[in-house]
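Colleague: Just protein-v9.csv, nothing more (CSV, C-alpha atoms):
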```csv
chain,number,residue,atom,x,y,z
U,1,MET,CA,79.4,55.2,217.8
U,2,SER,CA,82.3,52.9,218.7
U,3,GLY,CA,80.6,50.4,220.9
U,4,GLY,CA,82.2,51.9,224.0
U,5,VAL,CA,80.5,53.5,227.0
U,6,ASP,CA,81.4,57.1,226.0
U,7,SER,CA,79.7,57.2,222.6
U,8,SER,CA,76.8,55.2,223.9
U,9,VAL,CA,76.1,57.7,226.7
U,10,ALA,CA,76.5,60.5,224.2
U,11,ALA,CA,73.8,58.9,222.1
U,12,ARG,CA,71.5,58.4,225.2
U,13,LEU,CA,71.9,62.1,226.2
U,14,LEU,CA,70.9,63.2,222.7
U,15,ALA,CA,68.0,60.8,222.7
U,16,ASP,CA,66.7,62.7,225.8
U,17,LYS,CA,66.3,65.6,223.5
U,18,SER,CA,64.5,63.7,220.7
U,19,GLN,CA,62.2,66.6,220.1
U,20,ASP,CA,65.3,68.6,218.9
U,21,TYR,CA,67.3,65.8,217.1
U,22,ASN,CA,66.4,63.3,214.5
U,23,LEU,CA,69.0,60.7,215.5
U,24,SER,CA,70.8,58.0,213.6
U,25,ALA,CA,74.1,56.3,214.4
U,26,VAL,CA,77.0,55.3,212.4
U,27,TYR,CA,79.8,52.9,213.2
U,28,MET,CA,83.2,53.2,211.4
U,29,ARG,CA,85.0,50.0,210.6
U,30,ASN,CA,88.6,51.2,210.4
U,31,TRP,CA,90.6,48.0,211.0
U,32,ASP,CA,90.1,44.3,211.1
U,33,THR,CA,92.6,41.8,212.6
U,34,ARG,CA,91.5,39.3,210.0
U,35,ASP,CA,92.7,41.6,207.3
U,36,GLU,CA,96.2,40.8,208.7
U,37,THR,CA,95.9,37.1,209.7
U,38,ALA,CA,93.1,35.7,207.5
U,39,SER,CA,91.8,34.1,210.6
U,40,ASP,CA,89.6,35.0,213.6
U,41,SER,CA,91.3,32.8,216.2
U,42,SER,CA,91.5,35.7,218.7
U,43,GLY,CA,88.1,37.1,218.0
U,44,CYS,CA,87.2,40.0,215.8
U,45,GLU,CA,87.3,43.4,217.6
U,46,TRP,CA,85.2,45.3,215.1
U,47,GLU,CA,82.4,42.7,215.1
U,48,ARG,CA,82.2,42.9,218.9
U,49,ASP,CA,82.1,46.6,218.7
U,50,TRP,CA,79.5,46.6,216.0
U,51,ASN,CA,77.4,44.2,218.1
U,52,ASP,CA,77.5,46.6,221.1
U,53,VAL,CA,76.5,49.5,218.8
U,54,GLN,CA,73.5,47.7,217.6
U,55,ARG,CA,72.4,46.6,221.1
U,56,VAL,CA,72.6,50.2,222.3
U,57,CYS,CA,70.8,51.6,219.3
U,58,LYS,CA,68.0,49.0,219.6
U,59,MET,CA,67.5,50.1,223.2
U,60,LEU,CA,67.4,53.7,222.2
U,61,ASP,CA,65.3,53.0,219.2
U,62,ILE,CA,67.5,54.8,216.7
U,63,PRO,CA,68.7,53.5,213.4
U,64,CYS,CA,72.4,52.6,212.9
U,65,GLN,CA,74.6,51.7,210.0
U,66,MET,CA,78.2,50.5,209.6
U,67,ILE,CA,80.5,52.2,207.1
U,68,ASP,CA,83.7,50.4,206.1
U,69,LEU,CA,86.6,53.0,206.1
U,70,SER,CA,89.4,50.5,206.4
U,71,ARG,CA,90.9,51.3,203.0
U,72,GLN,CA,90.8,55.1,203.7
U,73,TYR,CA,92.3,54.5,207.1
U,74,TRP,CA,95.1,52.4,205.6
U,75,ASN,CA,95.9,55.0,202.9
U,76,ARG,CA,95.4,58.2,204.9
U,77,VAL,CA,96.5,57.3,208.4
U,78,PHE,CA,98.3,53.9,208.8
U,79,GLU,CA,100.6,53.8,205.8
U,80,PRO,CA,101.8,57.4,206.3
U,81,ALA,CA,102.5,56.7,210.0
U,82,LEU,CA,104.5,53.6,209.0
U,83,ARG,CA,106.8,55.7,206.8
U,84,ILE,CA,107.3,58.2,209.7
U,85,TRP,CA,108.1,55.4,212.3
U,86,GLU,CA,110.6,53.9,209.8
U,87,THR,CA,112.6,57.2,209.9
U,88,GLY,CA,112.7,57.1,213.7
U,89,ASN,CA,110.2,59.8,214.2
U,90,THR,CA,107.1,59.5,216.4
U,91,PRO,CA,103.7,60.1,214.7
U,92,ASN,CA,100.3,60.2,216.4
U,93,PRO,CA,97.8,58.2,214.3
U,94,ASP,CA,94.9,59.1,216.6
U,95,VAL,CA,95.2,62.8,215.9
U,96,TRP,CA,95.3,62.1,212.1
U,97,CYS,CA,92.4,59.7,212.4
U,98,ASN,CA,90.1,62.4,213.6
U,99,ARG,CA,91.1,64.7,210.8
U,100,GLU,CA,91.4,62.2,207.9
U,101,ILE,CA,88.7,59.6,208.9
U,102,LYS,CA,86.2,60.7,211.5
U,103,PHE,CA,85.9,64.3,210.4
U,104,GLY,CA,87.2,63.5,206.9
U,105,ALA,CA,86.2,60.3,205.1
U,106,LEU,CA,83.2,59.6,207.3
U,107,LEU,CA,81.7,63.1,206.8
U,108,GLU,CA,82.3,62.7,203.1
U,109,CYS,CA,80.3,59.5,203.1
U,110,LEU,CA,77.2,60.9,204.9
U,111,ARG,CA,74.4,62.0,202.6
U,112,ASP,CA,73.3,65.0,204.7
U,113,LYS,CA,76.1,67.5,204.5
U,114,THR,CA,74.5,69.9,206.9
U,115,ALA,CA,73.5,67.5,209.8
U,116,TRP,CA,75.1,67.9,213.2
U,117,PHE,CA,77.8,65.3,213.9
U,118,ALA,CA,78.0,64.1,217.5
U,119,THR,CA,80.9,62.1,219.0
U,120,GLY,CA,81.8,60.7,222.4
U,121,HIS,CA,84.9,62.9,222.7
U,122,TYR,CA,85.6,64.7,226.0
U,123,ALA,CA,85.7,68.3,224.7
U,124,ARG,CA,83.5,71.4,224.6
U,125,LYS,CA,82.6,73.8,221.8
U,126,ALA,CA,81.5,77.4,222.0
U,127,TRP,CA,80.9,80.1,219.4
U,128,SER,CA,82.9,83.3,218.9
U,129,SER,CA,81.2,86.7,219.3
U,130,SER,CA,82.2,87.7,215.8
U,131,THR,CA,79.7,88.1,212.9
U,132,PRO,CA,79.2,85.4,211.7
U,133,PRO,CA,80.1,83.4,214.8
U,134,ARG,CA,82.8,80.8,214.4
U,135,PRO,CA,83.3,77.6,216.4
U,136,LEU,CA,85.8,77.4,219.3
U,137,LEU,CA,87.3,74.1,220.5
U,138,LEU,CA,87.5,74.2,224.3
U,139,ARG,CA,88.8,71.8,227.0
U,140,ALA,CA,86.4,69.4,228.6
U,141,ALA,CA,85.3,69.7,232.2
U,142,ASP,CA,87.3,66.6,233.1
U,143,PRO,CA,91.0,67.6,232.8
U,144,ILE,CA,92.2,64.0,232.8
U,145,LYS,CA,89.9,62.8,230.0
U,146,ASP,CA,90.0,66.0,228.0
U,147,GLN,CA,90.5,65.0,224.3
U,148,THR,CA,91.0,68.4,222.6
U,149,TYR,CA,94.6,67.3,221.9
U,150,TYR,CA,93.3,64.6,219.6
U,151,LEU,CA,90.8,67.0,218.0
U,152,SER,CA,93.4,69.7,217.3
U,153,SER,CA,93.8,68.9,213.6
U,154,ILE,CA,90.2,69.0,212.5
U,155,SER,CA,89.0,71.8,210.3
U,156,GLU,CA,86.8,74.7,211.2
U,157,ALA,CA,84.1,73.3,208.9
U,158,GLY,CA,84.2,70.0,210.8
U,159,LEU,CA,84.2,71.6,214.2
U,160,ALA,CA,81.2,73.8,213.2
U,161,ARG,CA,79.1,70.6,212.7
U,162,ALA,CA,80.4,68.9,215.8
U,163,LEU,CA,78.5,68.2,219.0
U,164,PHE,CA,80.3,67.0,222.1
U,165,PRO,CA,77.6,65.8,224.6
U,166,LEU,CA,80.1,64.6,227.2
U,167,GLY,CA,82.0,67.9,227.4
U,168,ASP,CA,80.5,68.9,230.8
U,169,TYR,CA,80.9,65.4,232.4
U,170,THR,CA,83.7,63.6,234.1
U,171,LYS,CA,84.5,60.0,233.2
U,172,ALA,CA,83.1,58.8,236.5
U,173,GLN,CA,79.8,60.6,235.8
U,174,VAL,CA,79.6,59.1,232.3
U,175,ARG,CA,80.1,55.6,233.7
U,176,HIS,CA,77.4,56.3,236.4
U,177,LEU,CA,75.0,57.5,233.7
U,178,ALA,CA,75.6,54.3,231.6
U,179,ARG,CA,74.6,52.2,234.6
U,180,GLN,CA,71.7,54.5,235.5
U,181,TYR,CA,70.4,54.2,231.9
U,182,GLU,CA,71.0,50.5,232.0
U,183,LEU,CA,72.9,50.5,228.8
U,184,PRO,CA,73.9,47.0,227.7
U,185,ASN,CA,77.6,47.9,227.6
U,186,ALA,CA,77.6,49.9,230.8
U,187,GLU,CA,80.4,47.7,232.4
U,188,ARG,CA,82.5,47.5,229.3
U,189,ALA,CA,86.2,48.2,230.0
U,190,GLU,CA,87.7,51.3,228.5
U,191,SER,CA,89.7,50.7,225.4
U,192,MET,CA,93.3,52.0,225.4
U,193,GLY,CA,96.0,52.4,222.8
U,194,LEU,CA,96.0,52.5,219.0
U,195,CYS,CA,93.0,50.8,217.4
U,196,PHE,CA,95.1,48.8,214.9
U,197,VAL,CA,97.4,47.3,217.5
U,198,GLY,CA,94.7,45.8,219.7
U,199,GLU,CA,94.9,45.4,223.5
U,200,LYS,CA,96.8,42.0,223.6
U,201,THR,CA,99.7,42.9,221.3
U,202,ARG,CA,102.9,44.8,222.0
U,203,PHE,CA,103.4,47.8,219.8
U,204,ALA,CA,106.9,46.8,218.8
U,205,ASN,CA,105.8,43.3,217.8
U,206,PHE,CA,103.0,44.6,215.7
U,207,ILE,CA,105.0,47.2,213.8
U,208,SER,CA,107.8,44.6,213.2
U,209,SER,CA,105.4,42.8,210.9
U,210,TYR,CA,105.4,45.9,208.6
U,211,ILE,CA,108.8,47.3,208.9
U,212,PRO,CA,111.9,45.1,208.3
U,213,PRO,CA,114.7,45.1,210.8
U,214,ASN,CA,117.4,47.8,210.2
U,215,PRO,CA,120.1,47.2,212.9
U,216,GLY,CA,122.3,50.0,214.0
U,217,PRO,CA,124.4,51.2,216.9
U,218,VAL,CA,123.3,52.4,220.3
U,219,VAL,CA,125.8,55.0,221.5
U,220,ARG,CA,126.2,57.0,224.7
U,221,GLU,CA,125.7,60.6,223.7
U,222,ASP,CA,127.9,61.9,226.5
U,223,THR,CA,130.9,59.6,226.0
U,224,GLY,CA,130.6,58.2,222.4
U,225,GLN,CA,130.8,54.7,223.8
U,226,HIS,CA,129.1,51.9,221.7
U,227,VAL,CA,126.8,50.2,224.2
U,228,GLY,CA,124.5,48.1,222.1
U,229,THR,CA,122.7,47.4,218.8
U,230,HIS,CA,119.1,48.3,218.0
U,231,GLN,CA,116.9,46.6,215.3
U,232,GLY,CA,115.4,49.8,213.9
U,233,LEU,CA,115.1,53.5,214.8
U,234,TRP,CA,111.3,52.9,215.4
U,235,THR,CA,111.9,50.4,218.2
U,236,PHE,CA,112.6,53.1,220.8
U,237,THR,CA,111.1,56.5,221.4
U,238,VAL,CA,113.0,59.5,222.7
U,239,GLY,CA,112.8,59.5,226.5
U,240,GLU,CA,112.2,55.8,226.7
U,241,ASN,CA,114.3,53.3,228.9
U,242,ALA,CA,116.6,51.7,226.3
U,243,ARG,CA,116.8,48.5,228.5
U,244,ILE,CA,120.5,48.0,227.9
U,245,GLN,CA,122.0,45.1,230.0
U,246,GLY,CA,125.1,45.4,232.1
U,247,MET,CA,125.0,49.2,232.6
U,248,PRO,CA,125.5,50.7,236.1
U,249,GLN,CA,122.5,53.0,235.5
U,250,LYS,CA,119.4,52.8,233.4
U,251,MET,CA,120.0,54.3,230.0
U,252,TYR,CA,117.4,56.5,228.3
U,253,VAL,CA,117.0,57.5,224.6
U,254,SER,CA,118.1,61.1,224.2
U,255,ASP,CA,118.2,61.4,220.4
U,256,LYS,CA,118.2,59.5,217.1
U,257,ASP,CA,120.1,60.1,213.9
U,258,GLU,CA,118.5,58.8,210.7
U,259,ALA,CA,121.5,59.4,208.5
U,260,SER,CA,123.8,57.1,210.6
U,261,ASN,CA,121.0,54.9,211.9
U,262,THR,CA,122.1,55.7,215.4
U,263,ILE,CA,120.2,55.8,218.7
U,264,TYR,CA,121.8,57.9,221.4
U,265,VAL,CA,121.3,57.2,225.1
U,266,VAL,CA,122.3,58.9,228.4
U,267,PRO,CA,122.3,57.6,231.9
U,268,GLY,CA,119.6,58.5,234.4
U,269,VAL,CA,116.0,59.6,233.9
U,270,ASN,CA,116.8,63.2,235.0
U,271,ASN,CA,119.8,63.6,232.7
U,272,PRO,CA,119.8,67.2,231.4
U,273,ARG,CA,120.3,65.9,227.8
U,274,LEU,CA,116.8,64.4,227.9
U,275,PHE,CA,115.1,67.8,228.4
U,276,ARG,CA,114.0,70.4,225.8
U,277,ASN,CA,112.4,73.8,226.1
U,278,SER,CA,112.4,75.2,222.5
U,279,ILE,CA,110.5,73.3,219.8
U,280,ARG,CA,110.6,74.2,216.1
U,281,VAL,CA,107.2,73.3,214.6
U,282,SER,CA,106.5,72.2,211.0
U,283,GLY,CA,103.3,71.7,209.1
U,284,TRP,CA,101.3,74.0,211.6
U,285,GLN,CA,97.6,74.1,210.8
U,286,TRP,CA,95.3,76.6,212.5
U,287,ILE,CA,91.8,75.3,213.1
U,288,TRP,CA,90.5,78.6,211.8
U,289,GLY,CA,92.8,78.5,208.8
U,290,ALA,CA,94.8,81.4,207.4
U,291,ASP,CA,92.7,84.1,209.1
U,292,ALA,CA,93.1,82.8,212.6
U,293,PRO,CA,93.6,85.5,215.2
U,294,PHE,CA,97.3,85.1,215.8
U,295,VAL,CA,98.4,84.6,212.1
U,296,GLY,CA,101.0,87.2,211.3
U,297,GLN,CA,101.7,88.2,214.9
U,298,GLY,CA,105.3,88.1,216.2
U,299,SER,CA,104.5,86.2,219.4
U,300,PHE,CA,101.8,85.4,221.9
U,301,ARG,CA,101.4,83.5,225.2
U,302,GLY,CA,99.6,80.3,225.6
U,303,THR,CA,99.9,76.7,226.7
U,304,THR,CA,101.1,73.6,224.9
U,305,LYS,CA,101.7,69.9,225.1
U,306,ILE,CA,103.2,67.2,222.9
U,307,ARG,CA,101.4,64.2,224.4
U,308,HIS,CA,97.8,63.6,225.3
U,309,ARG,CA,98.5,62.7,228.9
U,310,GLN,CA,101.1,65.4,229.5
U,311,GLU,CA,100.2,68.4,231.6
U,312,GLU,CA,99.8,71.6,229.6
U,313,VAL,CA,102.9,73.8,229.9
U,314,PRO,CA,102.8,77.6,229.6
U,315,CYS,CA,104.7,78.8,226.6
U,316,THR,CA,105.5,81.7,224.2
U,317,VAL,CA,104.7,81.0,220.6
U,318,VAL,CA,106.9,82.9,218.1
U,319,ILE,CA,106.0,83.2,214.5
U,320,ASP,CA,109.0,84.0,212.3
U,321,GLU,CA,110.4,83.6,208.8
U,322,ASN,CA,111.0,79.9,209.5
U,323,GLY,CA,107.5,79.2,210.7
U,324,MET,CA,106.6,78.6,214.3
U,325,LEU,CA,108.8,78.2,217.4
U,326,VAL,CA,107.2,77.1,220.7
U,327,ASN,CA,109.3,78.1,223.8
U,328,ILE,CA,108.0,76.4,226.9
U,329,ASP,CA,108.5,77.7,230.4
U,330,ARG,CA,109.4,74.4,231.9
U,331,PRO,CA,111.8,72.0,230.1
U,332,GLU,CA,110.2,68.7,229.2
U,333,PRO,CA,111.6,65.3,228.6
U,334,GLY,CA,110.7,63.0,225.8
U,335,VAL,CA,110.3,65.6,223.0
U,336,ALA,CA,110.6,63.6,219.8
U,337,ARG,CA,110.5,64.6,216.2
U,338,GLY,CA,107.2,63.8,214.6
U,339,GLN,CA,105.1,64.3,217.8
U,340,VAL,CA,102.1,66.5,217.6
U,341,VAL,CA,102.4,69.9,219.1
U,342,VAL,CA,99.1,71.5,220.2
U,343,VAL,CA,98.7,75.1,221.4
U,344,TRP,CA,95.9,76.7,223.4
U,345,ASP,CA,95.6,80.5,223.8
U,346,GLU,CA,95.4,82.0,227.3
U,347,ALA,CA,91.6,81.8,227.2
U,348,GLY,CA,91.7,78.1,226.8
U,349,VAL,CA,90.8,77.9,223.1
U,350,CYS,CA,92.6,75.2,221.1
U,351,LEU,CA,94.2,76.9,218.1
U,352,GLY,CA,95.6,74.0,216.1
U,353,CYS,CA,98.6,71.7,215.8
U,354,GLY,CA,101.8,70.9,214.0
U,355,LEU,CA,104.7,68.5,214.2
U,356,VAL,CA,107.9,68.6,216.2
U,357,ALA,CA,110.6,69.3,213.5
U,358,ALA,CA,113.4,69.9,216.0
U,359,ALA,CA,113.9,70.6,219.7
U,360,GLU,CA,116.7,71.8,221.9
U,361,TYR,CA,117.5,73.1,225.3
U,362,VAL,CA,118.1,76.9,225.3
U,363,GLU,CA,119.6,78.5,228.4
```
Using structure tokens, write down the structure that the file contains.

Modeller:
Amino acid sequence: MSGGVDSSVAARLLADKSQDYNLSAVYMRNWDTRDETASDSSGCEWERDWNDVQRVCKMLDIPCQMIDLSRQYWNRVFEPALRIWETGNTPNPDVWCNREIKFGALLECLRDKTAWFATGHYARKAWSSSTPPRPLLLRAADPIKDQTYYLSSISEAGLARALFPLGDYTKAQVRHLARQYELPNAERAESMGLCFVGEKTRFANFISSYIPPNPGPVVREDTGQHVGTHQGLWTFTVGENARIQGMPQKMYVSDKDEASNTIYVVPGVNNPRLFRNSIRVSGWQWIWGADAPFVGQGSFRGTTKIRHRQEEVPCTVVIDENGMLVNIDRPEPGVARGQVVVVWDEAGVCLGCGLVAAAEYVE
């Protein structure tokens, strides 16, 4: 439980079936602002969250405990993400948090290695018709809140133990249930963004405290004109407005070059240089591992996306001697190296994920 509405409603739904489940709750402490500032002048996020978890659990009459995983989060999620940002690539710590922490370090800490593990994610799970049956990760009923993108890196073993009580509900229905159940946090605002940045801090300002400035040129990709100076490749994401003063049009980041420490920009949000339709994937991991259904096949049809809030795009996945190539039917802007590429098959089963290694536009 996180202290938010979603995991609280998930707990309440499971408590309705107390004859089937022997419930207990766990709260993960992954980050503490006082770890950085040695003060609590702005209030401590994790303490407020932990207080809400305890209030809900008291109401539901279920035991709860806090497990401090801040060291594991730092070593297995945050520090690797820093190294990726520093090179100018775009990691997704939330995806790795599910694999490394929630379905990794946390499960390792729990004494009962066979217990079900329920979360407040918006996702659904089914079982294959094979013998023995194997777990399938499916989209949630709410297409806007669907979080299978964030769960795409977890293992088959972790998925097999998972329960997703909110999978058949919309966000609006979950909020209504929280009020109907009179949960003490029913009106709590939805948290947004990365957990370690907080909701009052700009991402660039936060990361600046960990990565020293590394100034370099900003160059128009179409003309070679030097139009500005950046303070580090990590300060802009591909597809982002570069906010360059004195230009006749808004300039958008089209590419980065780590070797020369250069950020390339082009004019106009619809500039063709911003769009990609062929993505080379590295580090691909099937949820089902090496014996997943499409392993060894030349190609198959499915859907993909590289950002959580992006609409899924039909694609052809090609497995070749260089790994995996995802060719999307509709060119997409903002495809950046390091982003997480998730693929679903035509039946809507999430197959796994990898990282954008390279992307280009192919006629």

Colleague: Which residue out of U:Arg124, U:Arg71, U:Arg83, U:Arg12 has the minimum interatomic distance to Trp31 of chain U when only C-alpha atoms are used?

Modeller: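 Looking only at the distances to Trp31 of chain U, the closest residue turns out to be U:Arg71.
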
Colleague: Kindly give the distance, in Å, that separates atom CA of Leu233 of chain U and atom CA of Ile263 of chain U, rounded to a single decimal.

Modeller: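 Separation of atom CA of Leu233 of chain U and atom CA of Ile263 of chain U: 6.8 Å.
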
Colleague: One decimal, in Å: what's the spacing between atom CA of Asn89 of chain U and atom CA of Ala292 of chain U?

Modeller: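 It comes out at 28.7 Å.
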
Colleague: How many Å separate atom CA of Phe275 of chain U from atom CA of Tyr361 of chain U?

Modeller: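 About the pair atom CA of Phe275 of chain U and atom CA of Tyr361 of chain U: they are 6.6 Å apart.
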
Colleague: Excluding same-chain residues fewer than 4 positions from segment 297-314 of chain U, what lies within 8 Å of it counting all atoms listed in the file, as a tab-separated table (two decimals) with C-alpha atoms, keeping the file's coordinate frame?

Modeller:
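So the final result, stored in result_15.tsv, reads:
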```tsv
chain	number	residue	atom	x	y	z
U	144	ILE	CA	92.20	64.00	232.80
U	147	GLN	CA	90.50	65.00	224.30
U	149	TYR	CA	94.60	67.30	221.90
U	150	TYR	CA	93.30	64.60	219.60
U	318	VAL	CA	106.90	82.90	218.10
U	319	ILE	CA	106.00	83.20	214.50
U	320	ASP	CA	109.00	84.00	212.30
U	328	ILE	CA	108.00	76.40	226.90
U	329	ASP	CA	108.50	77.70	230.40
U	330	ARG	CA	109.40	74.40	231.90
U	335	VAL	CA	110.30	65.60	223.00
U	339	GLN	CA	105.10	64.30	217.80
U	340	VAL	CA	102.10	66.50	217.60
U	341	VAL	CA	102.40	69.90	219.10
U	342	VAL	CA	99.10	71.50	220.20
U	343	VAL	CA	98.70	75.10	221.40
U	344	TRP	CA	95.90	76.70	223.40
U	345	ASP	CA	95.60	80.50	223.80
U	346	GLU	CA	95.40	82.00	227.30
```

Colleague: Every residue with an atom at most 9 Å from (115.1, 51.5, 225.1) (file coordinates; only C-alpha atoms) is what I'm after, so could you write them as a VMD selection string?

Modeller: chain U and resid 230 235 to 244 251 to 253 265

Colleague: Here is a test: counting all atoms listed in the file, which residue of U:Ser8, U:Ser155, U:Gln245, U:Asn214 is nearest to Thr262 of chain U?

Modeller: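 For Thr262 of chain U, the nearest of the given residues is U:Asn214.
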